[in-house]
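*Asks:* Below is the structure I would like to discuss, written out as structure tokens.
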Amino acid sequence: MTADAVPPPPDPRTRSAPDRLLSVLGAFDLEHPALCLTDISRRAGLTLSTAHRLVAALTEWGALERDDSGLYHVGLRLWELAALAPRGLALRQIALPYLEDLYEATHENVQLAVQDGPEVVYTEWLSGRSAVGVHIRVGARWPLHATGVGLALLAHSEAEFQEQYCAGPLASFTPYTVTEPARLRRMLAEVRRTGVAVSSRQVTDDALSVAAPVRGPGGSVVAAVSVVVPQADAQVPVLAPAVRLAARGISRGLGWQPEKET
């Protein structure tokens with residue numbers, strides 16, 4: 001199956017109205033940000049008439065927008081709703097001053113991310129002109145085990161989830177990506193011991209990430225912050241305190257009070 005191919009659609013008779021509606025929105029992704037009606041129908045697994053009806057309703061509401069060429073894009077109304085997510089814009093607004101401080105201290109890529117199931121989702125990214133290139137954008141997703149922020153989040157997730165995740169399969173992106181369950185478990189234990197996660201050459205073979213967990217009011221980990229530097233110039237003992245300080249500042253901004261933890 002090619003990257004553009006879609007699996008055979010389920011029997012339309014078994015699909016609920018919300019499922020059909022969501023399938024239209026799900027037809028859009030990073031590789032397909034603009035679609036014609038025929039492509040939406042195909043990717044959503046809907047008849048052309050059903051797709052036309054749902055697309056018209058979504059466009060009228062503002063969830064989709066149609067440009068002059070006839071292609072549809074995700075609409076601003078969805079962005080407005082997404083901004084209400086507590087792990088989205090609200091988190092970003094509290095975190096941004098600390099992310100900017102971390103960037104000024106390092107002049108390297110600085111990232112903020114949250115966990116969504118087995119993936120990490122990036123909610124903010126500050127990049128320097130001469131910083132190492134990374135395959136990241138706001139909204140991008142990566143498997144938890146392959147990134148610094150992902151390791152920081154995974155290390156503080158529920159034990160049952162950790163065990164299921166470590167059991168695999170674990171995707172590999174470079175020869176250095178950790179794909180052995182036992183090794184990943186040891187890495188997560190080290191993250192909990194030191195308070196920082198180090199991901200070396202796991203996504204690209206020239207970058208290293210140092211990350212720390214961000215805690216919410218109750219002390220649970222709700223996000224992670226990281227700095228990404230060239231592997232050849234990485235100085236983890238220097239970077240770790242700065243990343244921990246940023247994570248601690250964001251945590252306090254979210255209402256975390258470490259002195260009240262038991």
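Identifiers in the structure tokens: chain A, B, ... in order shown; residue index from 1 per chain; ligand index from 1 in order shown.
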Determine which residues of stretch 43-246 of chain A receive a DSSP assignment of alpha helix (DSSP H), computed from the backbone, and state them as a ChimeraX atom specification.
*Replies:* /A:43-44,48-61,76-82,89-106,148-155,159-166,181-194,236-246
*Asks:* Would you give me, as CSV, each residue of stretch 147-260 of chain A having an atom within 6 Å of an atom of stretch 100-118 of chain A, along with its shortest atom pair and that distance in Å to one decimal, using only C-alpha atoms and sorting by chain and residue number?
*Replies:*
```
residue,atom,partner,partner_atom,distance
A:Ala223,CA,A:Val114,CA,4.5
A:Ala224,CA,A:Ala113,CA,5.4
A:Val225,CA,A:Leu112,CA,4.6
A:Ser226,CA,A:Gln111,CA,5.2
A:Val227,CA,A:Val110,CA,4.5
A:Val228,CA,A:Asn109,CA,5.1
```
*Asks:* Skipping near chain neighbours, those fewer than 6 positions away, what residues fall within 9 Å of A:Leu21 using only C-alpha atoms, listed as a compact mmCIF listing (two decimals) with all heavy atoms, in the first residue's frame?
*Replies:*
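As written to disk, around.txt reads:
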```txt
# COMPACT_ATOMS: atom_id res chain seq x y z
N ALA A 51 -20.25 12.63 1.17
CA ALA A 51 -19.13 13.55 1.42
C ALA A 51 -19.53 14.98 1.09
O ALA A 51 -19.21 15.91 1.84
CB ALA A 51 -17.92 13.12 0.60
N LEU A 54 -21.75 16.38 3.91
CA LEU A 54 -21.03 16.64 5.15
C LEU A 54 -20.03 17.79 4.99
O LEU A 54 -19.88 18.62 5.89
CB LEU A 54 -20.30 15.37 5.61
CG LEU A 54 -21.21 14.21 6.00
CD1 LEU A 54 -20.38 12.98 6.34
CD2 LEU A 54 -22.09 14.58 7.19
N VAL A 55 -19.36 17.84 3.87
CA VAL A 55 -18.41 18.92 3.62
C VAL A 55 -19.13 20.26 3.58
O VAL A 55 -18.64 21.27 4.11
CB VAL A 55 -17.63 18.67 2.31
CG1 VAL A 55 -16.90 19.94 1.86
CG2 VAL A 55 -16.62 17.54 2.50
N LEU A 58 -19.91 21.23 7.20
CA LEU A 58 -18.70 21.63 7.90
C LEU A 58 -18.18 22.97 7.41
O LEU A 58 -17.66 23.77 8.18
CB LEU A 58 -17.62 20.54 7.74
CG LEU A 58 -17.88 19.24 8.51
CD1 LEU A 58 -16.92 18.15 8.05
CD2 LEU A 58 -17.74 19.47 10.01
```
*Asks:* When you look at A:Leu151 with a cut-off of 10 Å (counting only C-alpha atoms), what residues show up, excluding the ones that are within fewer than 3 positions of it in the same chain? I need them as a PyMOL selection string.
*Replies:* chain A and resi 120+143-148+154-157+184+187-188+191+196-199+210-213+224
*Asks:* Since we have the selection now, will you write its residues out, keeping all heavy atoms, as a compact mmCIF listing (two decimals), in the first residue's frame?
*Replies:*
```
# COMPACT_ATOMS: atom_id res chain seq x y z
N VAL A 120 3.77 11.50 21.33
CA VAL A 120 4.00 12.83 21.86
C VAL A 120 3.52 13.82 20.81
O VAL A 120 3.73 13.62 19.62
CB VAL A 120 5.48 13.05 22.22
CG1 VAL A 120 6.38 12.89 21.01
CG2 VAL A 120 5.69 14.42 22.83
N PRO A 143 6.45 8.79 18.14
CA PRO A 143 6.33 7.77 19.19
C PRO A 143 7.08 8.21 20.45
O PRO A 143 8.13 8.86 20.37
CB PRO A 143 7.00 6.54 18.56
CG PRO A 143 6.89 6.76 17.08
CD PRO A 143 7.02 8.24 16.89
N LEU A 144 6.55 7.86 21.59
CA LEU A 144 7.11 8.33 22.86
C LEU A 144 8.58 7.97 23.05
O LEU A 144 9.37 8.78 23.55
CB LEU A 144 6.29 7.75 24.02
CG LEU A 144 4.87 8.30 24.19
CD1 LEU A 144 4.09 7.42 25.17
CD2 LEU A 144 4.91 9.74 24.68
N HIS A 145 8.98 6.76 22.65
CA HIS A 145 10.32 6.29 22.99
C HIS A 145 11.42 6.95 22.18
O HIS A 145 12.60 6.84 22.53
CB HIS A 145 10.41 4.77 22.78
CG HIS A 145 10.33 4.36 21.34
ND1 HIS A 145 9.14 4.32 20.65
CD2 HIS A 145 11.30 3.99 20.44
CE1 HIS A 145 9.37 3.93 19.41
NE2 HIS A 145 10.66 3.72 19.25
N ALA A 146 11.07 7.67 21.09
CA ALA A 146 12.09 8.16 20.16
C ALA A 146 12.53 9.59 20.43
O ALA A 146 13.43 10.08 19.75
CB ALA A 146 11.58 8.04 18.73
N THR A 147 11.91 10.28 21.38
CA THR A 147 12.24 11.68 21.63
C THR A 147 12.49 11.92 23.11
O THR A 147 12.03 11.15 23.97
CB THR A 147 11.10 12.61 21.18
OG1 THR A 147 9.95 12.37 22.01
CG2 THR A 147 10.73 12.36 19.72
N GLY A 148 13.19 13.00 23.42
CA GLY A 148 13.45 13.34 24.81
C GLY A 148 12.16 13.64 25.56
O GLY A 148 11.94 13.14 26.66
N LEU A 154 6.73 9.32 29.08
CA LEU A 154 6.53 7.88 29.25
C LEU A 154 7.02 7.41 30.61
O LEU A 154 6.39 6.56 31.25
CB LEU A 154 7.25 7.12 28.14
CG LEU A 154 7.13 5.59 28.15
CD1 LEU A 154 5.67 5.16 28.06
CD2 LEU A 154 7.93 5.00 26.99
N ALA A 155 8.12 7.97 31.08
CA ALA A 155 8.70 7.56 32.36
C ALA A 155 7.77 7.85 33.53
O ALA A 155 7.88 7.22 34.59
CB ALA A 155 10.04 8.26 32.58
N HIS A 156 6.85 8.80 33.35
CA HIS A 156 5.95 9.17 34.44
C HIS A 156 4.50 8.80 34.15
O HIS A 156 3.59 9.26 34.84
CB HIS A 156 6.07 10.67 34.71
CG HIS A 156 7.40 11.07 35.25
ND1 HIS A 156 8.45 11.41 34.42
CD2 HIS A 156 7.88 11.16 36.52
CE1 HIS A 156 9.51 11.72 35.17
NE2 HIS A 156 9.19 11.57 36.43
N SER A 157 4.30 7.97 33.15
CA SER A 157 2.94 7.47 32.87
C SER A 157 2.66 6.28 33.79
O SER A 157 3.52 5.81 34.52
CB SER A 157 2.81 7.06 31.41
OG SER A 157 3.72 6.04 31.07
N LEU A 184 14.85 0.07 27.05
CA LEU A 184 13.93 1.19 27.23
C LEU A 184 13.49 1.28 28.68
O LEU A 184 13.40 2.38 29.25
CB LEU A 184 12.72 1.02 26.31
CG LEU A 184 11.65 2.11 26.40
CD1 LEU A 184 12.24 3.49 26.15
CD2 LEU A 184 10.51 1.83 25.40
N MET A 187 16.16 2.97 30.61
CA MET A 187 16.20 4.40 30.32
C MET A 187 15.11 5.14 31.10
O MET A 187 15.35 6.22 31.65
CB MET A 187 16.03 4.64 28.82
CG MET A 187 17.19 4.19 27.97
SD MET A 187 16.90 4.43 26.20
CE MET A 187 16.85 6.22 26.10
N LEU A 188 13.93 4.56 31.17
CA LEU A 188 12.84 5.20 31.89
C LEU A 188 13.14 5.28 33.39
O LEU A 188 12.81 6.28 34.04
CB LEU A 188 11.54 4.44 31.64
CG LEU A 188 11.06 4.40 30.19
CD1 LEU A 188 9.77 3.58 30.08
CD2 LEU A 188 10.86 5.79 29.62
N VAL A 191 15.44 8.15 33.87
CA VAL A 191 14.71 9.43 33.79
C VAL A 191 14.09 9.76 35.14
O VAL A 191 14.19 10.89 35.63
CB VAL A 191 13.62 9.37 32.70
CG1 VAL A 191 12.75 10.63 32.76
CG2 VAL A 191 14.26 9.24 31.32
N VAL A 196 15.67 14.04 34.33
CA VAL A 196 15.81 14.46 32.93
C VAL A 196 15.86 13.24 32.03
O VAL A 196 16.27 12.15 32.45
CB VAL A 196 17.07 15.33 32.69
CG1 VAL A 196 16.98 16.65 33.41
CG2 VAL A 196 18.33 14.57 33.07
N ALA A 197 15.45 13.44 30.79
CA ALA A 197 15.53 12.38 29.78
C ALA A 197 16.51 12.82 28.70
O ALA A 197 16.49 13.98 28.28
CB ALA A 197 14.15 12.13 29.17
N VAL A 198 17.34 11.90 28.25
CA VAL A 198 18.30 12.19 27.19
C VAL A 198 18.03 11.25 26.03
O VAL A 198 18.05 10.03 26.18
CB VAL A 198 19.76 12.01 27.69
CG1 VAL A 198 20.73 12.28 26.54
CG2 VAL A 198 20.03 12.94 28.86
N SER A 199 17.74 11.83 24.87
CA SER A 199 17.50 11.06 23.66
C SER A 199 18.60 11.40 22.67
O SER A 199 18.67 12.52 22.16
CB SER A 199 16.12 11.38 23.08
OG SER A 199 15.92 10.71 21.85
N VAL A 210 17.58 16.90 25.44
CA VAL A 210 17.52 16.80 26.89
C VAL A 210 16.17 17.36 27.32
O VAL A 210 15.83 18.50 26.98
CB VAL A 210 18.66 17.60 27.57
CG1 VAL A 210 18.56 17.48 29.08
CG2 VAL A 210 20.01 17.10 27.09
N ALA A 211 15.40 16.58 28.04
CA ALA A 211 14.02 16.96 28.39
C ALA A 211 13.76 16.76 29.87
O ALA A 211 14.44 15.99 30.55
CB ALA A 211 13.03 16.13 27.57
N ALA A 212 12.75 17.48 30.37
CA ALA A 212 12.33 17.35 31.76
C ALA A 212 10.81 17.41 31.83
O ALA A 212 10.17 18.09 31.02
CB ALA A 212 12.95 18.45 32.61
N PRO A 213 10.21 16.73 32.80
CA PRO A 213 8.75 16.70 32.91
C PRO A 213 8.19 17.98 33.52
O PRO A 213 8.82 18.62 34.36
CB PRO A 213 8.50 15.50 33.83
CG PRO A 213 9.73 15.42 34.67
CD PRO A 213 10.86 15.84 33.78
N ALA A 224 6.09 18.08 28.84
CA ALA A 224 7.54 17.98 28.94
C ALA A 224 8.16 19.08 28.10
O ALA A 224 7.61 19.49 27.07
CB ALA A 224 8.04 16.61 28.48
```
*Asks:* Would you mind telling me which residue in A:Val221, A:Pro241, A:Arg215, A:Glu119 lies nearest to A:Glu158 when using only C-alpha atoms?
*Replies:*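 That would be A:Val221, the residue with the smallest distance to A:Glu158.
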*Asks:* Considering only C-alpha atoms, state which residue in the set A:Gly70, A:Gly218, A:Pro97, A:Gly168 is at the smallest distance from A:Ile250.
*Replies:*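 Ranked by minimum distance to A:Ile250, first place goes to A:Pro97.
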